[in-house]
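Raw contents of model_36.csv, CSV, C-alpha atoms:
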```
chain,number,residue,atom,x,y,z
A,1,MET,CA,-43.8,15.2,-51.6
A,2,ALA,CA,-45.7,13.1,-49.2
A,3,GLU,CA,-42.5,11.4,-48.1
A,4,SER,CA,-40.6,14.6,-47.3
A,5,SER,CA,-43.5,16.0,-45.3
A,6,LEU,CA,-43.7,12.8,-43.4
A,7,SER,CA,-40.0,12.9,-42.4
A,8,SER,CA,-40.2,16.5,-41.4
A,9,ILE,CA,-42.8,15.7,-38.9
A,10,ASN,CA,-41.0,12.6,-37.7
A,11,ILE,CA,-37.7,14.2,-36.6
A,12,PRO,CA,-39.1,16.3,-33.8
A,13,GLN,CA,-41.3,13.4,-32.8
A,14,ILE,CA,-38.4,11.1,-32.6
A,15,LEU,CA,-36.5,13.7,-30.5
A,16,ALA,CA,-39.4,14.0,-28.1
A,17,VAL,CA,-39.7,10.3,-27.7
A,18,ALA,CA,-36.0,10.0,-27.1
A,19,LEU,CA,-36.1,12.7,-24.5
A,20,VAL,CA,-39.1,11.2,-22.7
A,21,GLY,CA,-37.4,7.8,-22.9
A,22,PHE,CA,-34.2,9.2,-21.4
A,23,PHE,CA,-35.9,10.7,-18.4
A,24,ALA,CA,-38.0,7.6,-17.9
A,25,ILE,CA,-34.9,5.4,-17.8
A,26,ARG,CA,-33.1,7.7,-15.5
A,27,TRP,CA,-36.0,7.6,-13.1
A,28,PHE,CA,-36.2,3.9,-13.2
A,29,MET,CA,-32.4,3.5,-12.7
A,30,SER,CA,-32.3,5.8,-9.7
A,31,LYS,CA,-35.3,4.4,-8.0
A,32,PRO,CA,-34.1,0.9,-6.9
A,33,SER,CA,-30.9,2.2,-5.2
A,34,ALA,CA,-32.9,3.6,-2.3
A,35,PRO,CA,-35.1,0.7,-1.2
A,36,GLY,CA,-37.5,1.5,1.6
A,37,ASN,CA,-35.8,4.8,2.3
A,38,ASN,CA,-37.3,8.1,1.5
A,39,ALA,CA,-36.0,10.2,-1.4
A,40,SER,CA,-33.9,8.8,-4.3
A,41,SER,CA,-31.5,11.8,-3.8
A,42,SER,CA,-30.5,10.4,-0.4
A,43,SER,CA,-29.0,7.4,-2.0
A,44,ARG,CA,-26.7,9.5,-4.1
A,45,ARG,CA,-25.7,11.5,-1.0
A,46,GLY,CA,-25.2,8.3,0.8
A,47,GLN,CA,-22.6,7.1,-1.6
A,48,GLN,CA,-20.4,9.9,-0.5
A,49,VAL,CA,-18.9,8.5,2.6
A,50,ASP,CA,-17.0,10.4,5.2
A,51,LEU,CA,-13.9,8.2,5.2
A,52,THR,CA,-12.4,9.6,8.3
A,53,LYS,CA,-15.5,8.6,10.3
A,54,VAL,CA,-15.5,5.2,8.8
A,55,GLU,CA,-11.8,4.8,9.6
A,56,GLN,CA,-12.4,6.0,13.2
A,57,VAL,CA,-15.0,3.3,13.7
A,58,ALA,CA,-12.9,0.7,11.9
A,59,ALA,CA,-10.0,1.5,14.1
A,60,MET,CA,-12.0,0.7,17.2
A,61,PHE,CA,-13.7,-2.4,15.7
A,62,PRO,CA,-11.3,-3.9,13.2
A,63,GLN,CA,-13.6,-7.0,12.9
A,64,LEU,CA,-16.3,-4.9,11.2
A,65,ASP,CA,-16.7,-4.6,7.5
A,66,ARG,CA,-16.1,-1.0,6.3
A,67,ARG,CA,-19.2,-1.1,4.1
A,68,THR,CA,-21.3,-2.1,7.1
A,69,ILE,CA,-19.9,0.8,9.1
A,70,ALA,CA,-20.5,3.2,6.2
A,71,TRP,CA,-24.1,2.0,5.9
A,72,ASP,CA,-24.8,2.6,9.6
A,73,LEU,CA,-23.2,6.0,9.6
A,74,HIS,CA,-25.2,6.8,6.5
A,75,ARG,CA,-28.4,5.9,8.3
A,76,ASN,CA,-27.8,7.7,11.6
A,77,GLY,CA,-26.6,10.9,10.0
A,78,GLN,CA,-22.8,10.3,10.1
A,79,SER,CA,-22.7,10.0,13.9
A,80,VAL,CA,-19.6,8.0,15.0
A,81,GLY,CA,-20.9,8.1,18.6
A,82,ALA,CA,-24.2,6.5,17.7
A,83,THR,CA,-22.5,3.7,15.6
A,84,THR,CA,-20.1,3.0,18.4
A,85,GLU,CA,-22.9,2.9,20.9
A,86,ARG,CA,-24.8,0.5,18.8
A,87,VAL,CA,-21.8,-1.9,18.4
A,88,LEU,CA,-21.0,-1.8,22.1
A,89,SER,CA,-24.6,-2.5,23.1
A,90,GLY,CA,-24.3,-5.8,21.4
A,91,GLN,CA,-27.0,-5.0,18.9
A,92,GLY,CA,-24.7,-5.3,16.0
A,93,LEU,CA,-24.9,-3.4,12.8
A,94,ASP,CA,-27.4,-4.2,10.0
A,95,ASN,CA,-26.1,-5.6,6.8
A,96,PRO,CA,-26.3,-2.9,4.1
A,97,PRO,CA,-28.5,-3.6,1.1
A,98,PRO,CA,-26.6,-5.0,-1.9
A,99,SER,CA,-27.3,-1.8,-3.8
A,100,TYR,CA,-25.3,0.3,-1.3
A,101,GLN,CA,-21.9,0.4,-2.8
A,102,PRO,CA,-20.0,3.4,-1.4
A,103,HIS,CA,-16.5,4.2,-2.7
A,104,LEU,CA,-14.2,2.8,-0.1
A,105,PRO,CA,-10.5,2.4,-0.7
A,106,SER,CA,-9.3,-1.2,-0.3
A,107,PRO,CA,-7.8,-1.9,3.1
A,108,ASN,CA,-4.2,-2.0,1.8
A,109,GLN,CA,-4.3,1.5,0.3
A,110,GLN,CA,-5.7,3.3,3.3
A,111,ALA,CA,-2.9,2.4,5.7
A,112,PRO,CA,-1.6,5.9,6.1
A,113,ALA,CA,-5.1,7.5,6.7
A,114,VAL,CA,-5.9,7.1,10.4
A,115,GLY,CA,-5.1,3.5,10.9
A,116,VAL,CA,-4.4,2.8,14.5
A,117,SER,CA,-4.2,-0.8,13.6
A,118,ALA,CA,-1.9,-0.1,10.6
A,119,GLY,CA,0.4,1.9,12.9
A,120,THR,CA,0.9,-0.9,15.3
A,121,ARG,CA,1.5,-3.4,12.6
A,122,LYS,CA,4.2,-1.2,11.0
A,123,ASP,CA,5.9,-0.7,14.4
A,124,GLY,CA,6.0,-4.4,14.9
A,125,THR,CA,8.1,-4.9,11.8
A,126,ARG,CA,10.2,-1.8,12.4
A,127,ASN,CA,11.3,-3.0,15.8
A,128,GLU,CA,12.2,-6.4,14.5
A,129,ASP,CA,15.8,-7.0,13.8
A,130,LEU,CA,16.8,-7.8,10.2
A,131,ILE,CA,17.8,-11.4,11.0
A,132,THR,CA,14.3,-12.1,12.2
A,133,ARG,CA,12.6,-10.1,9.6
A,134,TYR,CA,14.3,-11.9,6.7
A,135,GLY,CA,14.2,-15.3,8.4
A,136,LEU,CA,17.9,-15.7,8.6
A,137,GLN,CA,18.1,-17.1,12.2
A,138,GLY,CA,19.2,-20.4,10.9
A,139,ARG,CA,22.2,-19.0,9.1
A,140,VAL,CA,23.8,-16.8,11.8
A,141,GLY,CA,26.3,-18.1,14.3
A,142,GLY,CA,26.9,-21.3,12.3
A,143,LYS,CA,30.2,-21.7,10.7
A,144,GLY,CA,31.8,-18.3,10.9
A,145,LYS,CA,32.9,-18.3,7.3
A,146,GLU,CA,30.1,-18.6,4.9
A,147,ALA,CA,32.2,-17.9,1.9
A,148,GLU,CA,32.0,-14.2,1.3
A,149,LEU,CA,30.8,-13.3,-2.2
A,150,SER,CA,33.5,-12.8,-4.7
A,151,GLU,CA,33.5,-9.8,-7.0
A,152,GLU,CA,32.3,-12.1,-9.7
A,153,GLN,CA,29.3,-13.3,-7.8
A,154,LYS,CA,28.4,-9.8,-6.7
A,155,ARG,CA,27.9,-8.8,-10.3
A,156,SER,CA,25.3,-11.4,-10.5
A,157,ALA,CA,24.4,-12.3,-14.1
A,158,TRP,CA,21.1,-11.2,-15.4
A,159,SER,CA,19.0,-14.3,-15.8
A,160,SER,CA,16.2,-14.4,-18.4
A,161,ASP,CA,14.1,-16.4,-15.9
A,162,LYS,CA,11.9,-14.3,-13.6
A,163,ALA,CA,12.1,-16.8,-10.7
A,164,ALA,CA,15.9,-17.0,-11.0
A,165,ARG,CA,16.2,-13.2,-10.9
A,166,ALA,CA,14.0,-13.0,-7.8
A,167,GLU,CA,16.1,-15.8,-6.2
A,168,GLY,CA,19.3,-13.9,-7.1
A,169,LEU,CA,18.0,-10.7,-5.6
A,170,LYS,CA,17.0,-12.5,-2.4
A,171,LYS,CA,20.4,-14.2,-2.2
A,172,ARG,CA,22.3,-10.9,-2.5
A,173,ARG,CA,20.0,-9.3,0.1
A,174,ASP,CA,20.4,-12.1,2.6
A,175,GLU,CA,24.1,-12.1,2.0
A,176,MET,CA,24.4,-8.4,2.6
A,177,ILE,CA,22.7,-8.7,6.0
A,178,LEU,CA,24.6,-11.8,7.0
A,179,GLN,CA,27.9,-10.2,6.1
A,180,ALA,CA,27.1,-7.1,8.1
A,181,ARG,CA,26.2,-9.3,11.1
A,182,ARG,CA,29.5,-11.3,10.7
A,183,ARG,CA,31.5,-8.2,10.5
A,184,MET,CA,29.9,-6.6,13.5
A,185,GLU,CA,30.4,-9.8,15.5
A,186,ALA,CA,34.1,-10.0,14.5
A,187,LYS,CA,34.6,-6.3,15.4
A,188,GLU,CA,33.1,-6.8,18.8
A,189,SER,CA,35.0,-10.0,19.6
A,190,GLY,CA,38.2,-8.3,18.4
A,191,ALA,CA,37.6,-5.2,20.5
B,1,MET,CA,0.6,-2.7,-18.8
B,2,ASN,CA,1.9,0.7,-18.1
B,3,SER,CA,4.6,0.4,-20.7
B,4,VAL,CA,6.8,3.4,-20.4
B,5,ALA,CA,7.2,3.3,-16.6
B,6,SER,CA,7.4,-0.5,-16.5
B,7,LYS,CA,10.0,-0.7,-19.2
B,8,ARG,CA,12.1,2.0,-17.6
B,9,LEU,CA,11.9,0.3,-14.2
B,10,PHE,CA,12.8,-3.0,-15.7
B,11,GLN,CA,15.8,-1.5,-17.4
B,12,GLU,CA,16.9,0.1,-14.1
B,13,TYR,CA,16.4,-3.2,-12.3
B,14,LYS,CA,18.6,-4.9,-14.8
B,15,HIS,CA,21.3,-2.3,-14.5
B,16,LEU,CA,21.3,-2.4,-10.7
B,17,THR,CA,21.6,-6.2,-10.8
B,18,THR,CA,24.4,-6.5,-13.3
B,19,ASP,CA,26.4,-3.5,-12.0
B,20,PRO,CA,25.3,-2.6,-8.5
B,21,PRO,CA,26.9,0.3,-6.7
B,22,ASP,CA,28.9,-0.5,-3.6
B,23,GLY,CA,26.7,-1.2,-0.5
B,24,ILE,CA,23.4,-1.1,-2.4
B,25,THR,CA,21.0,-3.9,-3.2
B,26,ALA,CA,17.7,-3.0,-4.8
B,27,GLY,CA,14.9,-4.5,-6.9
B,28,PRO,CA,11.2,-5.0,-7.1
B,29,VAL,CA,9.6,-6.8,-4.1
B,30,ASN,CA,7.7,-8.9,-6.7
B,31,GLU,CA,8.4,-8.6,-10.4
B,32,ASP,CA,4.6,-8.7,-11.1
B,33,ASP,CA,4.5,-5.2,-9.7
B,34,LEU,CA,7.5,-3.2,-10.8
B,35,PHE,CA,6.2,-0.1,-8.9
B,36,ILE,CA,7.2,-1.3,-5.4
B,37,TRP,CA,10.8,-1.9,-4.7
B,38,GLU,CA,12.9,-2.8,-1.7
B,39,ALA,CA,16.3,-1.4,-1.3
B,40,LEU,CA,19.0,-2.2,1.2
B,41,ILE,CA,21.6,0.5,1.9
B,42,GLN,CA,24.7,-0.1,3.8
B,43,GLY,CA,25.7,2.5,6.4
B,44,PRO,CA,28.6,4.6,5.1
B,45,GLU,CA,32.0,3.9,6.6
B,46,GLY,CA,33.5,6.4,9.0
B,47,THR,CA,30.0,7.4,10.3
B,48,PRO,CA,28.0,6.1,13.2
B,49,TYR,CA,25.9,4.3,10.7
B,50,GLU,CA,28.8,2.1,9.7
B,51,GLY,CA,28.2,-1.6,9.7
B,52,GLY,CA,24.4,-1.2,9.6
B,53,ILE,CA,22.0,-2.2,6.8
B,54,PHE,CA,19.0,0.0,6.3
B,55,PRO,CA,16.1,-1.4,4.4
B,56,ALA,CA,13.7,1.0,2.6
B,57,GLU,CA,10.7,0.8,0.4
B,58,LEU,CA,10.4,2.7,-2.8
B,59,LYS,CA,7.1,3.4,-4.4
B,60,PHE,CA,6.9,4.6,-8.0
B,61,PRO,CA,4.1,6.7,-9.5
B,62,LYS,CA,2.4,5.5,-12.7
B,63,ASP,CA,4.0,8.4,-14.5
B,64,TYR,CA,7.5,7.5,-13.5
B,65,PRO,CA,10.1,8.8,-14.6
B,66,LEU,CA,8.3,12.1,-15.0
B,67,MET,CA,7.6,12.1,-11.3
B,68,PRO,CA,9.9,10.8,-8.6
B,69,PRO,CA,9.2,7.8,-6.3
B,70,THR,CA,8.7,8.1,-2.6
B,71,MET,CA,11.2,6.4,-0.3
B,72,LYS,CA,10.6,5.2,3.2
B,73,PHE,CA,12.9,3.4,5.6
B,74,THR,CA,11.2,0.3,7.0
B,75,CYS,CA,13.6,0.2,10.0
B,76,ASP,CA,14.4,2.6,12.8
B,77,ILE,CA,16.9,5.2,11.6
B,78,TRP,CA,17.7,8.2,13.8
B,79,HIS,CA,18.6,10.8,11.3
B,80,PRO,CA,17.8,14.6,10.9
B,81,ASN,CA,16.5,14.1,7.3
B,82,VAL,CA,14.3,11.1,7.9
B,83,TYR,CA,10.9,11.6,9.4
B,84,PRO,CA,10.1,9.5,12.5
B,85,ASN,CA,7.8,7.4,10.3
B,86,GLY,CA,10.7,6.5,8.0
B,87,VAL,CA,10.0,8.8,5.0
B,88,VAL,CA,13.1,10.2,3.5
B,89,CYS,CA,13.3,14.0,2.9
B,90,ILE,CA,15.9,14.7,0.2
B,91,SER,CA,15.8,17.1,-2.7
B,92,ILE,CA,16.3,14.5,-5.4
B,93,LEU,CA,12.9,13.0,-4.4
B,94,HIS,CA,11.1,16.3,-4.8
B,95,PRO,CA,9.0,16.9,-8.0
B,96,PRO,CA,10.7,18.7,-10.8
B,97,GLY,CA,10.8,22.5,-11.1
B,98,ASP,CA,11.9,25.2,-8.9
B,99,ASP,CA,11.5,25.1,-5.1
B,100,PRO,CA,8.9,27.7,-4.1
B,101,ASN,CA,11.1,28.4,-1.0
B,102,HIS,CA,14.2,28.8,-3.1
B,103,TYR,CA,16.1,26.4,-0.9
B,104,GLU,CA,17.0,24.0,-3.6
B,105,GLN,CA,18.3,24.4,-7.1
B,106,ALA,CA,16.1,22.9,-9.8
B,107,SER,CA,19.1,20.7,-10.8
B,108,GLU,CA,19.0,19.1,-7.4
B,109,ARG,CA,15.4,18.0,-7.7
B,110,TRP,CA,14.0,15.1,-9.5
B,111,SER,CA,14.1,15.0,-13.3
B,112,PRO,CA,13.7,12.1,-15.7
B,113,ILE,CA,17.4,11.9,-16.2
B,114,GLN,CA,17.9,10.9,-12.6
B,115,SER,CA,17.5,7.2,-11.7
B,116,VAL,CA,16.9,4.8,-8.8
B,117,GLU,CA,20.7,4.3,-8.6
B,118,LYS,CA,21.2,8.1,-8.2
B,119,ILE,CA,18.5,8.3,-5.6
B,120,LEU,CA,20.1,5.5,-3.5
B,121,ILE,CA,23.6,7.0,-3.8
B,122,SER,CA,22.3,10.4,-2.8
B,123,VAL,CA,20.5,8.9,0.2
B,124,MET,CA,23.7,7.1,1.2
B,125,SER,CA,25.6,10.4,1.2
B,126,MET,CA,22.7,12.1,3.0
B,127,ILE,CA,23.1,9.4,5.7
B,128,ALA,CA,26.8,10.3,6.0
B,129,GLU,CA,26.3,14.0,5.9
B,130,PRO,CA,22.9,15.2,7.4
B,131,ASN,CA,21.5,18.4,6.0
B,132,ASP,CA,20.8,20.6,9.0
B,133,GLU,CA,18.8,23.2,7.1
B,134,SER,CA,15.5,21.5,6.6
B,135,PRO,CA,15.2,18.8,9.3
B,136,ALA,CA,12.5,16.1,8.9
B,137,ASN,CA,13.2,14.8,12.4
B,138,VAL,CA,13.5,17.9,14.6
B,139,ASP,CA,14.6,16.0,17.7
B,140,ALA,CA,17.3,14.1,15.8
B,141,ALA,CA,18.5,17.3,14.2
B,142,ARG,CA,18.8,19.1,17.5
B,143,MET,CA,20.6,16.2,19.1
B,144,TRP,CA,22.9,16.0,16.1
B,145,ARG,CA,23.7,19.7,16.4
B,146,GLU,CA,24.0,20.0,20.2
B,147,ARG,CA,24.8,16.6,21.6
B,148,ARG,CA,26.8,14.8,18.9
B,149,GLN,CA,28.2,12.1,21.2
B,150,GLU,CA,24.8,11.1,22.4
B,151,PHE,CA,23.5,11.1,18.8
B,152,GLU,CA,26.3,8.8,17.7
B,153,ARG,CA,25.7,6.5,20.7
B,154,ARG,CA,22.1,6.2,19.9
B,155,VAL,CA,22.7,5.5,16.2
B,156,LYS,CA,25.3,2.8,17.0
B,157,ALA,CA,22.9,1.1,19.4
B,158,ASP,CA,20.2,1.0,16.8
B,159,VAL,CA,22.6,-0.5,14.3
B,160,ARG,CA,23.7,-3.2,16.7
B,161,ARG,CA,20.1,-4.0,17.6
B,162,SER,CA,19.0,-4.1,14.0
B,163,LEU,CA,21.6,-6.9,13.4
B,164,GLY,CA,20.1,-9.0,16.2
B,165,LEU,CA,23.0,-8.5,18.6
```

In structure tokens, how does this file's structure come out?
Amino acid sequence: MAESSLSSINIPQILAVALVGFFAIRWFMSKPSAPGNNASSSSRRGQQVDLTKVEQVAAMFPQLDRRTIAWDLHRNGQSVGATTERVLSGQGLDNPPPSYQPHLPSPNQQAPAVGVSAGTRKDGTRNEDLITRYGLQGRVGGKGKEAELSEEQKRSAWSSDKAARAEGLKKRRDEMILQARRRMEAKESGA
Amino acid sequence: MNSVASKRLFQEYKHLTTDPPDGITAGPVNEDDLFIWEALIQGPEGTPYEGGIFPAELKFPKDYPLMPPTMKFTCDIWHPNVYPNGVVCISILHPPGDDPNHYEQASERWSPIQSVEKILISVMSMIAEPNDESPANVDAARMWRERRQEFERRVKADVRRSLGL
């Protein structure tokens, strides 16, 4: 009897303790992410970064870390002008506190976003001819006949070795480009 | 390891290596990531693109083959159905289902029974025969329609330059 009454009191008590504990933990967890700054809610807002603005600044100053830019934007109320001003005035941007970890895509993924820098880089490779791009300068113009691939070689065997497969693919690719170049040269000298 | 997509891409790579279609070389840029490929397409004969080699990048989604890859030429190619940034616009690369604009049959669009090989062959025939109805490069489309000679001269000059001549 005594035991059952004891347990019927304990369940609500345990629940209450758990609830209080939960809120206490939540409060402690959210507190340190906003050091110095006012409300804890601002830190959560701060994690939401306006990516286009970060990109705009990053496009102007590619040497700056995106997290640093995001931090400065976060502190000045998302003003691109103010951040730009600050960098140009030579003041430099403050380092963000370690707890400030906004969700920023890694630089490779964000290429198509705004990327002035990404655009110019792409154009660089696009304007390059294939011989330069694939590093085949040493193999053009040499002996005119670099044994064209036979039908047998074109159907290159499937190797079980990864490196051999990559090598085979590269070889077929290079040969395709060199062959096109040789044919074009032959056609022009013949014409 | 994303097994279904990776296995399928590996199989397709193997097939394209042992039995490649004419004028096409394709495979992963790096076998550690089977979701990014590079393909070389030869310009079809009897067209101004003849003699050229056109490199392109294929990016596969994680749910391949349910959804199609995207394809982007990494060279200059002046063509009505290729956006100025190199992205290829062709029905086989459009997600499965009916076209909301009723331009394309569902059968022309992507479905898991298609393959990389079919995409590349379709792109090759697209290069040979531009589709005037839905141009991706409006300027190229207009030139192709109205000033064909100038169009062909420009393409031939691009081809020649791309081979370092």

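With all atoms listed in the file as the atoms that count, the minimum distance from B:Ser162 to the choices B:Glu129, B:Asp76, B:Asp139, B:Glu108 is reached by B:Asp76.
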
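Atom CA of B:Glu57 is positioned 14.5 Å from atom CA of B:Met124.
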
Exercise. Pull out every residue of chain B sitting within 8 Å of chain A, counting all atoms listed in the file, and send them as a ChimeraX atom specification.
Key: /B:14,17-20,25-27,30-31,40,51-53,74-76,160-164

C-alpha atoms of the current selection, written as an mmCIF file, in the frame of the given file:
```cif
data_model
loop_
_atom_site.group_PDB
_atom_site.id
_atom_site.type_symbol
_atom_site.label_atom_id
_atom_site.label_comp_id
_atom_site.auth_asym_id
_atom_site.auth_seq_id
_atom_site.Cartn_x
_atom_site.Cartn_y
_atom_site.Cartn_z
ATOM 1 C CA LYS B 14 18.600 -4.900 -14.800
ATOM 2 C CA THR B 17 21.600 -6.200 -10.800
ATOM 3 C CA THR B 18 24.400 -6.500 -13.300
ATOM 4 C CA ASP B 19 26.400 -3.500 -12.000
ATOM 5 C CA PRO B 20 25.300 -2.600 -8.500
ATOM 6 C CA THR B 25 21.000 -3.900 -3.200
ATOM 7 C CA ALA B 26 17.700 -3.000 -4.800
ATOM 8 C CA GLY B 27 14.900 -4.500 -6.900
ATOM 9 C CA ASN B 30 7.700 -8.900 -6.700
ATOM 10 C CA GLU B 31 8.400 -8.600 -10.400
ATOM 11 C CA LEU B 40 19.000 -2.200 1.200
ATOM 12 C CA GLY B 51 28.200 -1.600 9.700
ATOM 13 C CA GLY B 52 24.400 -1.200 9.600
ATOM 14 C CA ILE B 53 22.000 -2.200 6.800
ATOM 15 C CA THR B 74 11.200 0.300 7.000
ATOM 16 C CA CYS B 75 13.600 0.200 10.000
ATOM 17 C CA ASP B 76 14.400 2.600 12.800
ATOM 18 C CA ARG B 160 23.700 -3.200 16.700
ATOM 19 C CA ARG B 161 20.100 -4.000 17.600
ATOM 20 C CA SER B 162 19.000 -4.100 14.000
ATOM 21 C CA LEU B 163 21.600 -6.900 13.400
ATOM 22 C CA GLY B 164 20.100 -9.000 16.200
#
```

Quiz item: Quick one: distance from atom CA of B:Pro68 to atom CA of B:Ile36 in Å, one decimal?
Solution: 12.8 Å

Quiz prompt | Residue contacts of B:Tyr49 (9 Å, all atoms listed in the file) excluding same-chain residues fewer than 2 positions away, as a ChimeraX atom specification | solution = /B:42-47,51-53,127-128,152,155-156,158-159

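Look at B:Lys7: the protein and nucleic acid residues within 12 Å of it, using all atoms listed in the file and passing over chain neighbours fewer than 4 places away, are Met1, Asn2, Ser3, Gln11, Glu12, Tyr13, Lys14, Glu31, Asp33, Leu34, Phe35, Lys62, Asp63, Tyr64 and Pro65 of chain B.
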
Quiz item: How many Å lie between atom CA of B:Val29 and atom CA of B:Lys59, rounded to one decimal?
Solution: 10.5 Å

Exercise. May I have the residues within 12 Å of A:Gly81 as a list in words, using all atoms listed in the file and disregarding those fewer than 6 positions away in the same chain?
Key: Lys53, Val54, Gln56, Val57, Met60, Asp72, Leu73, Val87 and Leu88 of chain A

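Every protein or nucleic acid residue with an atom no more than 9 Å from B:Pro95, counting only C-alpha atoms and leaving out same-chain residues fewer than 2 positions away, appears here: Leu66, Met67, Pro68, Ser91, Ile92, Leu93, Gly97, Asp98, Arg109, Trp110 and Ser111 of chain B.
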
Practice problem: Pull the neighbourhood of (20.6, 6.5, -1.7) for me: all residues within 10 Å in file coordinates, counting only C-alpha atoms, as a PyMOL selection string. | Solution: chain B and resi 23-24+39-42+56+71+88+90+92+116-127

With 8 Å as the threshold, what does the neighbourhood of (-22.9, 5.7, 4.3) contain in terms of residues, counting all atoms listed in the file? Coordinates are those of the file; answer as a PDB file with C-alpha atoms, in the frame of the given file.
```pdb
ATOM      1  CA  GLY A  46     -25.200   8.300   0.800  1.00  0.00           C
ATOM      2  CA  GLN A  47     -22.600   7.100  -1.600  1.00  0.00           C
ATOM      3  CA  GLN A  48     -20.400   9.900  -0.500  1.00  0.00           C
ATOM      4  CA  VAL A  49     -18.900   8.500   2.600  1.00  0.00           C
ATOM      5  CA  ASP A  50     -17.000  10.400   5.200  1.00  0.00           C
ATOM      6  CA  ARG A  67     -19.200  -1.100   4.100  1.00  0.00           C
ATOM      7  CA  ILE A  69     -19.900   0.800   9.100  1.00  0.00           C
ATOM      8  CA  ALA A  70     -20.500   3.200   6.200  1.00  0.00           C
ATOM      9  CA  TRP A  71     -24.100   2.000   5.900  1.00  0.00           C
ATOM     10  CA  ASP A  72     -24.800   2.600   9.600  1.00  0.00           C
ATOM     11  CA  LEU A  73     -23.200   6.000   9.600  1.00  0.00           C
ATOM     12  CA  HIS A  74     -25.200   6.800   6.500  1.00  0.00           C
ATOM     13  CA  ARG A  75     -28.400   5.900   8.300  1.00  0.00           C
ATOM     14  CA  GLN A  78     -22.800  10.300  10.100  1.00  0.00           C
ATOM     15  CA  PRO A 102     -20.000   3.400  -1.400  1.00  0.00           C
TER      16      PRO A 102
END
```

My structure is short of atoms at stretch 140-151 of chain B; please model N, CA, C and O atoms there, returning them as a compact mmCIF listing (two decimals), keeping the file's coordinate frame.
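As a result, rebuild_5.txt now contains:
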```txt
# COMPACT_ATOMS: atom_id res chain seq x y z
N ALA B 140 15.99 14.66 16.26
CA ALA B 140 17.30 14.10 15.80
C ALA B 140 18.21 15.21 15.39
O ALA B 140 19.41 15.18 15.66
N ALA B 141 17.65 16.20 14.70
CA ALA B 141 18.50 17.30 14.20
C ALA B 141 19.09 18.08 15.38
O ALA B 141 20.27 18.44 15.36
N ARG B 142 18.27 18.30 16.40
CA ARG B 142 18.80 19.10 17.50
C ARG B 142 19.86 18.26 18.26
O ARG B 142 20.90 18.80 18.63
N MET B 143 19.61 16.98 18.41
CA MET B 143 20.60 16.20 19.10
C MET B 143 21.92 16.11 18.28
O MET B 143 23.01 16.19 18.83
N TRP B 144 21.76 16.04 16.96
CA TRP B 144 22.90 16.00 16.10
C TRP B 144 23.75 17.27 16.23
O TRP B 144 24.97 17.27 16.25
N ARG B 145 23.06 18.39 16.35
CA ARG B 145 23.70 19.70 16.40
C ARG B 145 24.34 19.90 17.80
O ARG B 145 25.46 20.37 17.92
N GLU B 146 23.57 19.57 18.82
CA GLU B 146 24.00 20.00 20.20
C GLU B 146 24.65 18.91 20.99
O GLU B 146 25.46 19.21 21.86
N ARG B 147 24.27 17.66 20.77
CA ARG B 147 24.80 16.60 21.60
C ARG B 147 25.30 15.47 20.68
O ARG B 147 24.69 14.40 20.62
N ARG B 148 26.38 15.75 19.94
CA ARG B 148 26.80 14.80 18.90
C ARG B 148 27.15 13.43 19.47
O ARG B 148 26.84 12.40 18.86
N GLN B 149 27.77 13.40 20.63
CA GLN B 149 28.20 12.10 21.20
C GLN B 149 26.95 11.24 21.50
O GLN B 149 26.94 10.05 21.18
N GLU B 150 25.96 11.86 22.08
CA GLU B 150 24.80 11.10 22.40
C GLU B 150 24.08 10.62 21.13
O GLU B 150 23.59 9.49 21.06
N PHE B 151 24.09 11.48 20.12
CA PHE B 151 23.50 11.10 18.80
C PHE B 151 24.20 9.87 18.27
O PHE B 151 23.56 8.91 17.85
```
